[in-house]
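Novice: Have a look at this one.
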Amino acid sequence: MAANIEQEIRELREQIHFHNYRYYVLDDPEITDAEYDRLMRRLEELEAEHPELVTPDSPTQRVGAEPAEEFDTVRHAVPMLSLNNAMNEEEVEDRFFRPVREALGGEVELVAEPKLDGLAVELTYENGVLTTGSTRGDGTTGEDVTHNIRTIRAVPQRLLERERKAPSLLDTRGEVYIEKQRFEELNRQQAEAGEKEFANPRNAAAGSLRQLDPSVTAERPLGIFFYGVGRVEGADVTDQAGLLDFLRSLGLRTVRPWRLCRSFDEAIEFYRELMADRDGLPYEIDGVVLKVNRFDYQQQLGVRSRNPRYAIACKFPPRRETTRLRDITVQVGRTGALTPVAELEPVRVGGVEVARATLHNADEIARKDVRIGDTVIVQRAGDVIPEVVAPVEANRTGNEDRFEMPDQCPVCDGPVERERRPDRVYYWCRERDCDEFLKRHSNKALPDSCRGCGGPVEEISGGSVLFCTSIACPARLKGAIDIFASKRGMDIDGLGTKLIDQIVDGGLVKDPADLYRLEQDDWANLERMGEKSADNLIDALDASKSRPLRRVLVALGIRNVGEHVAEVLADHFGSIDAIMGASTDELEQVAEIGPIVARSIADFFDNDANRKVVERLKDEGIQALTEEAESAEEPAGDRFKGTTFVFTGSLESMTRSEAGEKVKNLGGRATSSVSSKTDYVVAGPGAGSKRDKAEQLGIRILSENEFLDMCEQ
Ligand code: IVH
């Protein structure tokens with residue numbers, strides 16, 4: 001009997017494995033969904049009766065793992081490179097065809113594949129069994145998302161060995177993505193559940209794969225296409241076309257449609273065809289990837305600054321339509337940024353109906369001279385949120401209206417502050433515990449993902465942007481509490497984004513000070529909470545009351561005040577009242593506080609709503625706000641009073657931060673950049689530009705020993 005059952009289980013697994021292959025890899029199912037479900041149910045039944053016969057690679061075992069605390073990191077044995085882009089056919093010629101011809105002495109075969117708009121992953125199969133799945137991360141190390149990868153139905157737990165034996169080791173690479181229609185469904189569900197919608201299928205795929213709880217990932221409609229490899233042991237493949245056939249024969253769903261092109265013209269033909277067909281594909285593609293077919297030629301061409309010279313991504317131009325701009329409204333985002341939004345006569349752009357589009361900021365509206373009533377060109381570049389490109393000036397009647405940004409926050413009526421670095425694009429990582437969480441990044445373009453954690457990023461601004469400054473503004477309250485509770489702020493253990501959403505949506509808190517008023521019942525009645533976790537949260541809130549001033553300053557989320565500036569402020573002023581009372585001029589007098597930062601601080605405390613929150617935090621007993629700075633931070637001497645040091649290069653007897661501590665202990669200051677306010681630069685071996693700058697400014701340069709002598713004197 002048991003032997004029969006074992007046999008039946010084995011056969012069921014084989015059948016399911018094979019039908020998965022027919023369905024996902026060949027796109028040619030042999031049986032109906034109902035028949036497939038019957039096989040699956042029978043297997044589940046038998047495994048339930050005989051748990052001792054369950055194996056980890058059984059098709060029933062996709063969602064087995066417990067939620068993780070965090071992801072481990074995985075080092076890619078062979079780095080995962082990224083591709084150079086070409087934005088049009090001329091660029092393909094200049095950046096790819098010509099250099100390849102020159103290097104190889106003529107045209108060679110190319111493989112053309114769609115460029116999928118998803119998230120790159122690497123899956124490791126050892127002796128045919130899936131052992132690890134990881135994200136690309138920075139190309140060298142990614143996150144271990146094995147449990148989440150397993151939930152993707154098109155991922156075989158075991159390689160198919162019908163045509164050939166599985167290699168002893170295979171790192172295969174591909175793209176996790178979400179089909180367009182499923183993406184729209186997912187966003188509808190997110191909206192219904194009051195969750196944030198995803199900006200594009202790529203972000204949805206990334207967000208889904210980076211869930212700590214695999215059962216959440218399992219609910220997401222993720223698909224996968226394979227197109228490459230890292231390590232391969234025990235198999236011989238010599239070109240890309242052969243590789244795609246090889247992967248497919250192992251039951252891996254390879255990228256499609258692809259073509260082996262005999263000439264460069266044929267590759268361009270494929271690019272044009274796919275561009276024309278792209279709306280017909282169920283998934284979003286943003287271009288075509290061309291790869292030199294033969295691996296020996298690939299090797300010969302080599303890699304230049306992380307981009308292979310044997311491949312290129314030929315991007316498609318964004319899709320555009322014209323429509324009428326009915327009105328411009330202003331939205332306030334979670335960072336407080338005021339974004340003008342175009343309210344459009346609905347129009348279909350690349351198969352998606354568009355009724356609203358971003359206008360980015362007031363400068364952009366002025367630069368493009370977009371007016372209410374204009375006929376405008378709208379474009380969608382993969383994102384759900386389209387943008388207004390330009391007005392069609394020929395269609396003007398003279399009845400169009402110019403638009404001006406409000407000088408108050410449209411949500412809370414509070415004052416707004418102007419971003420003063422118009423040449424930058426800033427982004428904000430959505431992971432609250434990521435190192436990049438509080439930093440804004442200056443870059444000309446929004447990066448694909450956060451440099452700190454590889455997670456999704458949100459653009460805060462491009463150009464001149466207005467920000468609501470009120471910490472209690474309903475539009476940014478969730479973001480404000482997120483910062484308040486973050487590790488670098490009040491470090492309130494257990495108060496995560498989901499919980500914050502619940503307390504804000506439930507109207508339990510109107511500003512961060514309200515957190516300290518909530519009682520055990522309030523917490524315990526929330527989803528996924530009980531008395532125990534409620535008690536823990538109350539303890540965590542109590543513990544947070546003793547955070548030092550510099551941390552409280554970070555927690556307030558004052559624009560341009562990160563950990564370093566907060567420390568400078570706390571050291572210099574010693575109390576929140578002194579900071580609140582300081583004028584812009586007084587703030588600017590402080591070393592390392594420039595006019596932009598000074599203005600942000602003054603703007604923040606000029607705002608009545610913010611002062612009230614600070615007063616209420618004091619009432620709740622936040623110690624740093626009621627007392628002078630802790631005595632532990634009192635300097636041991638004042639030899640360096642009023643003296644500013646910069647350390648550069650490597651030091652022998654201590655680290656740079658230890659050196660900084662020494663300076664602080666003697667009443668001085670250690671800063672990271674050289675300016676006219678710097679008194680000494682201590683330069684160790686390897687010192688570069690800071691030393692040069694010090695020389696230019698005529699600042700005295702000390703060796704480590706000279707510095708140590710000064711400390712001893
Ligand atoms: S090949 C050296 N093929 O594009 C080759 N990548 O910028 C590197 N991608 O991280 C990858 N479709 O996420 C390759 N058919 C395809 C692709 C593809 C999408 C993504 C992938 C990669 C990025 C490279």
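Convention: chains lettered A, B, ... in structure tokens order; per-chain residue numbering from 1; ligands numbered from 1 as shown.
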Which polymer residues have any atom within 7 Å of an atom of range 541-548 of chain A, counting only C-alpha atoms, with same-chain residues fewer than 5 positions away left out, as a PyMOL selection string?
Specialist: chain A and resi 490-492+516+621-624
Novice: Residues up to 10 Å from ligand 1, counting only C-alpha atoms and all ligand atoms: could you list those as a ChimeraX atom specification?
Specialist: /A:79-85,111-121,135-139,173-177,202,225-229,254-258,285-291,298,303,306-313,448
Novice: Just checking: using only C-alpha atoms, which residue out of A:Val92, A:Val663, A:Ile481, A:Val341 ends up closest to Asp514 in chain A?
Specialist: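 Result for the nearest residue to Asp514 in chain A: A:Ile481.
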Novice: Output as JSON lines one row per residue of range 118-173 of chain A within 10 Å of range 230-245 of chain A: the closest atom pair and its distance in Å to one decimal place, counting only C-alpha atoms, sorted by chain and residue number ascending.
Specialist:
```
{"residue": "A:Glu122", "atom": "CA", "partner": "A:Gly230", "partner_atom": "CA", "distance": 8.1}
{"residue": "A:Leu123", "atom": "CA", "partner": "A:Gly230", "partner_atom": "CA", "distance": 9.4}
{"residue": "A:Thr124", "atom": "CA", "partner": "A:Arg231", "partner_atom": "CA", "distance": 8.8}
{"residue": "A:Tyr125", "atom": "CA", "partner": "A:Val232", "partner_atom": "CA", "distance": 9.7}
{"residue": "A:Glu126", "atom": "CA", "partner": "A:Glu233", "partner_atom": "CA", "distance": 9.6}
{"residue": "A:Asn127", "atom": "CA", "partner": "A:Gly234", "partner_atom": "CA", "distance": 9.6}
{"residue": "A:Arg164", "atom": "CA", "partner": "A:Ala235", "partner_atom": "CA", "distance": 9.8}
{"residue": "A:Lys165", "atom": "CA", "partner": "A:Ala235", "partner_atom": "CA", "distance": 8.9}
{"residue": "A:Ala166", "atom": "CA", "partner": "A:Gly234", "partner_atom": "CA", "distance": 8.1}
{"residue": "A:Pro167", "atom": "CA", "partner": "A:Gly234", "partner_atom": "CA", "distance": 4.7}
{"residue": "A:Ser168", "atom": "CA", "partner": "A:Gly234", "partner_atom": "CA", "distance": 5.5}
{"residue": "A:Leu169", "atom": "CA", "partner": "A:Glu233", "partner_atom": "CA", "distance": 5.0}
{"residue": "A:Leu170", "atom": "CA", "partner": "A:Val232", "partner_atom": "CA", "distance": 4.7}
{"residue": "A:Asp171", "atom": "CA", "partner": "A:Gly230", "partner_atom": "CA", "distance": 5.0}
{"residue": "A:Thr172", "atom": "CA", "partner": "A:Gly230", "partner_atom": "CA", "distance": 6.1}
{"residue": "A:Arg173", "atom": "CA", "partner": "A:Gly230", "partner_atom": "CA", "distance": 7.2}
```
Novice: Generate a file of the selected residues that holds all heavy atoms, formatted as a CSV table (one decimal), in the first residue's frame.
Specialist:
```
chain,number,residue,atom,x,y,z
A,122,GLU,N,18.8,36.0,-10.2
A,122,GLU,CA,19.7,34.8,-10.5
A,122,GLU,C,19.2,33.6,-9.7
A,122,GLU,O,18.9,33.7,-8.5
A,122,GLU,CB,21.1,35.1,-10.1
A,122,GLU,CG,22.0,33.9,-10.4
A,122,GLU,CD,23.5,34.3,-10.3
A,122,GLU,OE1,24.0,34.4,-9.1
A,122,GLU,OE2,24.1,34.6,-11.3
A,123,LEU,N,19.0,32.5,-10.4
A,123,LEU,CA,18.6,31.2,-9.8
A,123,LEU,C,19.7,30.2,-9.9
A,123,LEU,O,20.2,30.0,-11.0
A,123,LEU,CB,17.3,30.7,-10.4
A,123,LEU,CG,16.0,31.2,-10.0
A,123,LEU,CD1,15.9,32.7,-10.2
A,123,LEU,CD2,14.8,30.5,-10.7
A,124,THR,N,20.0,29.6,-8.8
A,124,THR,CA,21.1,28.6,-8.8
A,124,THR,C,20.4,27.2,-8.7
A,124,THR,O,19.6,26.9,-7.8
A,124,THR,CB,22.1,28.8,-7.6
A,124,THR,OG1,22.6,30.1,-7.8
A,124,THR,CG2,23.1,27.7,-7.6
A,125,TYR,N,20.8,26.3,-9.6
A,125,TYR,CA,20.3,24.9,-9.6
A,125,TYR,C,21.5,24.1,-9.4
A,125,TYR,O,22.5,24.1,-10.1
A,125,TYR,CB,19.7,24.5,-10.9
A,125,TYR,CG,18.3,25.1,-11.0
A,125,TYR,CD1,18.1,26.4,-11.6
A,125,TYR,CD2,17.1,24.4,-10.6
A,125,TYR,CE1,16.8,26.9,-11.8
A,125,TYR,CE2,15.9,24.9,-10.7
A,125,TYR,CZ,15.7,26.1,-11.3
A,125,TYR,OH,14.4,26.6,-11.4
A,126,GLU,N,21.5,23.3,-8.3
A,126,GLU,CA,22.6,22.4,-8.0
A,126,GLU,C,22.1,20.9,-8.3
A,126,GLU,O,21.1,20.5,-7.7
A,126,GLU,CB,23.1,22.5,-6.6
A,126,GLU,CG,23.8,23.8,-6.4
A,126,GLU,CD,24.1,24.1,-4.9
A,126,GLU,OE1,24.7,23.2,-4.3
A,126,GLU,OE2,23.8,25.2,-4.5
A,127,ASN,N,22.8,20.3,-9.2
A,127,ASN,CA,22.4,18.9,-9.7
A,127,ASN,C,20.9,18.9,-10.0
A,127,ASN,O,20.1,18.0,-9.7
A,127,ASN,CB,22.7,17.9,-8.6
A,127,ASN,CG,24.2,17.8,-8.4
A,127,ASN,OD1,24.9,17.7,-9.4
A,127,ASN,ND2,24.6,17.7,-7.2
A,164,ARG,N,18.1,16.1,-21.9
A,164,ARG,CA,19.5,15.9,-21.4
A,164,ARG,C,19.6,16.0,-19.9
A,164,ARG,O,18.6,16.5,-19.3
A,164,ARG,CB,20.4,16.9,-22.1
A,164,ARG,CG,20.0,18.3,-21.9
A,164,ARG,CD,20.9,19.2,-22.7
A,164,ARG,NE,20.1,20.1,-23.6
A,164,ARG,CZ,20.6,20.7,-24.6
A,164,ARG,NH1,21.8,20.5,-24.9
A,164,ARG,NH2,19.8,21.5,-25.4
A,165,LYS,N,20.7,15.6,-19.4
A,165,LYS,CA,20.9,15.7,-17.9
A,165,LYS,C,21.1,17.1,-17.5
A,165,LYS,O,21.7,17.9,-18.3
A,165,LYS,CB,22.1,14.8,-17.6
A,165,LYS,CG,22.0,14.1,-16.3
A,165,LYS,CD,23.2,13.2,-16.1
A,165,LYS,CE,23.7,13.1,-14.7
A,165,LYS,NZ,22.9,13.7,-13.6
A,166,ALA,N,20.6,17.4,-16.3
A,166,ALA,CA,20.8,18.8,-15.9
A,166,ALA,C,22.3,19.0,-15.5
A,166,ALA,O,23.0,18.1,-15.1
A,166,ALA,CB,20.0,19.0,-14.6
A,167,PRO,N,22.8,20.2,-15.8
A,167,PRO,CA,24.2,20.4,-15.4
A,167,PRO,C,24.4,20.3,-13.9
A,167,PRO,O,23.5,20.5,-13.1
A,167,PRO,CB,24.5,21.9,-15.9
A,167,PRO,CG,23.1,22.5,-16.1
A,167,PRO,CD,22.2,21.4,-16.3
A,168,SER,N,25.6,20.0,-13.5
A,168,SER,CA,25.9,19.8,-12.0
A,168,SER,C,25.7,21.2,-11.3
A,168,SER,O,25.2,21.2,-10.2
A,168,SER,CB,27.2,19.3,-11.8
A,168,SER,OG,28.2,20.1,-12.4
A,169,LEU,N,26.0,22.3,-12.0
A,169,LEU,CA,25.8,23.6,-11.4
A,169,LEU,C,25.3,24.6,-12.5
A,169,LEU,O,25.9,24.7,-13.6
A,169,LEU,CB,27.1,24.1,-10.8
A,169,LEU,CG,27.0,25.5,-10.2
A,169,LEU,CD1,26.1,25.5,-8.9
A,169,LEU,CD2,28.4,26.0,-9.8
A,170,LEU,N,24.2,25.3,-12.2
A,170,LEU,CA,23.7,26.3,-13.2
A,170,LEU,C,23.2,27.5,-12.4
A,170,LEU,O,22.4,27.4,-11.6
A,170,LEU,CB,22.6,25.7,-14.0
A,170,LEU,CG,21.9,26.6,-14.9
A,170,LEU,CD1,22.8,26.9,-16.1
A,170,LEU,CD2,20.6,26.0,-15.4
A,171,ASP,N,23.8,28.7,-12.7
A,171,ASP,CA,23.3,29.9,-12.3
A,171,ASP,C,22.6,30.5,-13.5
A,171,ASP,O,23.2,30.9,-14.5
A,171,ASP,CB,24.4,31.0,-11.9
A,171,ASP,CG,25.1,30.6,-10.7
A,171,ASP,OD1,24.6,29.9,-9.8
A,171,ASP,OD2,26.3,31.0,-10.6
A,172,THR,N,21.3,30.5,-13.4
A,172,THR,CA,20.6,31.1,-14.6
A,172,THR,C,19.9,32.4,-14.2
A,172,THR,O,19.6,32.6,-13.1
A,172,THR,CB,19.5,30.1,-15.2
A,172,THR,OG1,18.9,30.7,-16.3
A,172,THR,CG2,18.5,29.7,-14.1
A,173,ARG,N,19.9,33.3,-15.2
A,173,ARG,CA,19.4,34.7,-15.0
A,173,ARG,C,18.2,35.0,-15.8
A,173,ARG,O,18.1,34.6,-17.0
A,173,ARG,CB,20.6,35.6,-15.3
A,173,ARG,CG,21.7,35.4,-14.3
A,173,ARG,CD,22.9,36.0,-14.7
A,173,ARG,NE,23.9,35.8,-13.7
A,173,ARG,CZ,25.1,36.3,-13.7
A,173,ARG,NH1,25.5,37.1,-14.7
A,173,ARG,NH2,25.9,36.1,-12.7
```
Novice: Any chance you could list, as a tab-separated table (two decimals) with all heavy atoms, in the first residue's frame, the residues in range 273-386 of chain A that come up helix (DSSP H, G or I) when DSSP is run on the backbone?
Specialist:
```
chain	number	residue	atom	x	y	z
A	273	GLU	N	9.92	45.65	-35.93
A	273	GLU	CA	8.73	44.79	-35.83
A	273	GLU	C	8.20	44.75	-34.41
A	273	GLU	O	7.01	44.88	-34.17
A	273	GLU	CB	9.10	43.35	-36.24
A	273	GLU	CG	9.09	43.12	-37.73
A	273	GLU	CD	9.62	41.70	-38.05
A	273	GLU	OE1	9.37	40.75	-37.26
A	273	GLU	OE2	10.28	41.59	-39.07
A	274	LEU	N	9.13	44.57	-33.48
A	274	LEU	CA	8.69	44.42	-32.10
A	274	LEU	C	8.11	45.74	-31.57
A	274	LEU	O	7.14	45.75	-30.80
A	274	LEU	CB	9.86	43.96	-31.22
A	274	LEU	CG	9.42	43.18	-29.99
A	274	LEU	CD1	8.63	41.94	-30.37
A	274	LEU	CD2	10.63	42.76	-29.16
A	275	MET	N	8.68	46.85	-32.04
A	275	MET	CA	8.16	48.15	-31.61
A	275	MET	C	6.70	48.29	-32.08
A	275	MET	O	5.85	48.76	-31.35
A	275	MET	CB	9.02	49.28	-32.20
A	275	MET	CG	8.53	50.61	-31.75
A	275	MET	SD	9.72	51.95	-31.81
A	275	MET	CE	10.88	51.58	-33.01
A	276	ALA	N	6.44	47.82	-33.31
A	276	ALA	CA	5.09	47.91	-33.85
A	276	ALA	C	4.13	46.98	-33.10
A	276	ALA	O	2.96	47.27	-32.95
A	276	ALA	CB	5.10	47.59	-35.34
A	277	ASP	N	4.68	45.85	-32.63
A	277	ASP	CA	3.82	44.84	-31.99
A	277	ASP	C	3.71	44.99	-30.48
A	277	ASP	O	3.02	44.23	-29.84
A	277	ASP	CB	4.42	43.43	-32.22
A	277	ASP	CG	4.26	43.01	-33.66
A	277	ASP	OD1	3.51	43.68	-34.38
A	277	ASP	OD2	4.91	42.02	-34.05
A	278	ARG	N	4.43	45.92	-29.92
A	278	ARG	CA	4.60	45.83	-28.47
A	278	ARG	C	3.31	45.94	-27.67
A	278	ARG	O	3.19	45.32	-26.63
A	278	ARG	CB	5.64	46.82	-27.98
A	278	ARG	CG	5.23	48.26	-28.03
A	278	ARG	CD	6.15	49.01	-27.11
A	278	ARG	NE	6.32	50.37	-27.52
A	278	ARG	CZ	6.85	51.29	-26.74
A	278	ARG	NH1	7.29	50.95	-25.55
A	278	ARG	NH2	6.96	52.51	-27.16
A	279	ASP	N	2.32	46.69	-28.19
A	279	ASP	CA	1.07	46.78	-27.44
A	279	ASP	C	0.32	45.46	-27.43
A	279	ASP	O	-0.51	45.21	-26.56
A	279	ASP	CB	0.18	47.88	-28.03
A	279	ASP	CG	0.74	49.26	-27.71
A	279	ASP	OD1	1.60	49.34	-26.81
A	279	ASP	OD2	0.32	50.24	-28.36
A	280	GLY	N	0.64	44.61	-28.41
A	280	GLY	CA	-0.03	43.31	-28.48
A	280	GLY	C	0.54	42.30	-27.51
A	280	GLY	O	-0.08	41.28	-27.23
A	295	PHE	N	29.85	33.14	-27.99
A	295	PHE	CA	30.46	33.49	-26.71
A	295	PHE	C	31.94	33.85	-26.86
A	295	PHE	O	32.44	34.69	-26.13
A	295	PHE	CB	30.29	32.36	-25.69
A	295	PHE	CG	28.87	32.17	-25.23
A	295	PHE	CD1	28.46	30.99	-24.61
A	295	PHE	CD2	27.92	33.17	-25.40
A	295	PHE	CE1	27.16	30.81	-24.18
A	295	PHE	CE2	26.61	33.01	-24.98
A	295	PHE	CZ	26.23	31.82	-24.38
A	296	ASP	N	32.63	33.20	-27.81
A	296	ASP	CA	34.06	33.55	-27.95
A	296	ASP	C	34.19	34.99	-28.45
A	296	ASP	O	35.06	35.74	-28.01
A	296	ASP	CB	34.81	32.55	-28.84
A	296	ASP	CG	34.16	32.36	-30.21
A	296	ASP	OD1	33.00	32.80	-30.39
A	296	ASP	OD2	34.81	31.78	-31.09
A	297	TYR	N	33.28	35.42	-29.33
A	297	TYR	CA	33.30	36.82	-29.76
A	297	TYR	C	32.95	37.75	-28.59
A	297	TYR	O	33.50	38.83	-28.44
A	297	TYR	CB	32.32	37.06	-30.90
A	297	TYR	CG	32.74	36.47	-32.23
A	297	TYR	CD1	31.80	36.21	-33.21
A	297	TYR	CD2	34.09	36.20	-32.50
A	297	TYR	CE1	32.16	35.68	-34.44
A	297	TYR	CE2	34.47	35.66	-33.73
A	297	TYR	CZ	33.50	35.40	-34.69
A	297	TYR	OH	33.85	34.88	-35.89
A	298	GLN	N	31.99	37.29	-27.77
A	298	GLN	CA	31.61	38.10	-26.60
A	298	GLN	C	32.84	38.35	-25.73
A	298	GLN	O	33.09	39.46	-25.29
A	298	GLN	CB	30.53	37.39	-25.78
A	298	GLN	CG	29.19	37.29	-26.48
A	298	GLN	CD	28.06	36.89	-25.53
A	298	GLN	OE1	28.28	36.70	-24.33
A	298	GLN	NE2	26.86	36.80	-26.05
A	299	GLN	N	33.59	37.26	-25.51
A	299	GLN	CA	34.79	37.37	-24.69
A	299	GLN	C	35.79	38.34	-25.27
A	299	GLN	O	36.39	39.14	-24.57
A	299	GLN	CB	35.44	35.99	-24.61
A	299	GLN	CG	34.73	35.08	-23.65
A	299	GLN	CD	35.68	34.64	-22.58
A	299	GLN	OE1	36.66	33.97	-22.88
A	299	GLN	NE2	35.41	35.04	-21.34
A	300	GLN	N	35.91	38.25	-26.59
A	300	GLN	CA	36.86	39.09	-27.30
A	300	GLN	C	36.47	40.57	-27.13
A	300	GLN	O	37.33	41.43	-26.97
A	300	GLN	CB	36.83	38.71	-28.77
A	300	GLN	CG	38.15	38.84	-29.47
A	300	GLN	CD	38.02	38.28	-30.88
A	300	GLN	OE1	37.46	37.19	-31.08
A	300	GLN	NE2	38.52	39.02	-31.84
A	301	LEU	N	35.18	40.83	-27.18
A	301	LEU	CA	34.72	42.23	-27.06
A	301	LEU	C	34.87	42.74	-25.63
A	301	LEU	O	35.17	43.90	-25.40
A	301	LEU	CB	33.26	42.34	-27.52
A	301	LEU	CG	33.09	42.26	-29.04
A	301	LEU	CD1	31.68	41.88	-29.41
A	301	LEU	CD2	33.47	43.60	-29.67
A	362	ALA	N	6.43	73.71	-10.87
A	362	ALA	CA	6.07	74.99	-11.50
A	362	ALA	C	7.07	75.40	-12.59
A	362	ALA	O	6.67	75.93	-13.62
A	362	ALA	CB	5.99	76.07	-10.42
A	363	ASP	N	8.35	75.12	-12.35
A	363	ASP	CA	9.35	75.49	-13.36
A	363	ASP	C	9.11	74.78	-14.68
A	363	ASP	O	9.28	75.34	-15.75
A	363	ASP	CB	10.76	75.12	-12.88
A	363	ASP	CG	11.26	76.11	-11.85
A	363	ASP	OD1	10.49	77.04	-11.53
A	363	ASP	OD2	12.39	75.92	-11.37
A	364	GLU	N	8.73	73.52	-14.55
A	364	GLU	CA	8.47	72.74	-15.75
A	364	GLU	C	7.28	73.31	-16.51
A	364	GLU	O	7.29	73.38	-17.73
A	364	GLU	CB	8.16	71.28	-15.37
A	364	GLU	CG	9.38	70.47	-15.05
A	364	GLU	CD	10.19	70.16	-16.29
A	364	GLU	OE1	9.69	69.43	-17.17
A	364	GLU	OE2	11.31	70.68	-16.37
A	365	ILE	N	6.25	73.72	-15.78
A	365	ILE	CA	5.07	74.29	-16.43
A	365	ILE	C	5.47	75.57	-17.16
A	365	ILE	O	5.09	75.80	-18.31
A	365	ILE	CB	3.95	74.59	-15.40
A	365	ILE	CG1	3.54	73.29	-14.71
A	365	ILE	CG2	2.76	75.26	-16.07
A	365	ILE	CD1	2.46	73.47	-13.66
A	366	ALA	N	6.30	76.36	-16.49
A	366	ALA	CA	6.73	77.61	-17.09
A	366	ALA	C	7.63	77.35	-18.30
A	366	ALA	O	7.47	77.95	-19.35
A	366	ALA	CB	7.47	78.45	-16.05
A	367	ARG	N	8.55	76.41	-18.13
A	367	ARG	CA	9.49	76.11	-19.20
A	367	ARG	C	8.77	75.62	-20.46
A	367	ARG	O	9.08	76.02	-21.57
A	367	ARG	CB	10.48	75.04	-18.72
A	367	ARG	CG	11.67	74.84	-19.62
A	367	ARG	CD	12.68	73.88	-19.00
A	367	ARG	NE	12.14	72.54	-18.83
A	367	ARG	CZ	12.00	71.66	-19.82
A	367	ARG	NH1	12.35	71.98	-21.04
A	367	ARG	NH2	11.50	70.47	-19.58
A	368	LYS	N	7.77	74.75	-20.22
A	368	LYS	CA	7.05	74.22	-21.37
A	368	LYS	C	5.94	75.16	-21.82
A	368	LYS	O	5.33	74.96	-22.86
A	368	LYS	CB	6.43	72.87	-21.00
A	368	LYS	CG	7.46	71.79	-20.74
A	368	LYS	CD	6.78	70.53	-20.22
A	368	LYS	CE	7.81	69.45	-19.92
A	368	LYS	NZ	7.26	68.42	-19.03
```
Novice: How many Å separate CA of Ala694 in chain A from CA of Val674 in chain A?
Specialist: 6.6 Å
Novice: Write out as CSV a residue-level contact list of range 255-345 of chain A versus range 549-561 of chain A with cut-off 12 Å: for each qualifying residue the closest pair of atoms and the distance in Å to one decimal, counting only C-alpha atoms, rows sorted by chain and residue number upward.
Specialist:
```
residue,atom,partner,partner_atom,distance
A:Arg334,CA,A:Gly557,CA,11.8
A:Thr335,CA,A:Gly557,CA,9.4
A:Gly336,CA,A:Arg559,CA,9.8
A:Ala337,CA,A:Arg559,CA,11.0
```
Novice: With 12 Å as the cut-off and only C-alpha atoms counted, what is the closest atom pair between each nearby residue of range 465-484 of chain A and range 395-411 of chain A? Distances in Å to one decimal, ordered by chain and number, as a tab-separated table.
Specialist:
```
residue	atom	partner	partner_atom	distance
A:Val465	CA	A:Met405	CA	9.9
A:Leu466	CA	A:Met405	CA	8.5
A:Phe467	CA	A:Cys409	CA	7.9
A:Cys468	CA	A:Cys409	CA	5.6
A:Thr469	CA	A:Cys409	CA	8.5
A:Ser470	CA	A:Cys409	CA	8.9
A:Ala472	CA	A:Val411	CA	10.8
A:Cys473	CA	A:Val411	CA	7.1
A:Pro474	CA	A:Val411	CA	7.1
A:Ala475	CA	A:Val411	CA	6.6
A:Arg476	CA	A:Val411	CA	9.5
A:Leu477	CA	A:Val411	CA	11.3
```
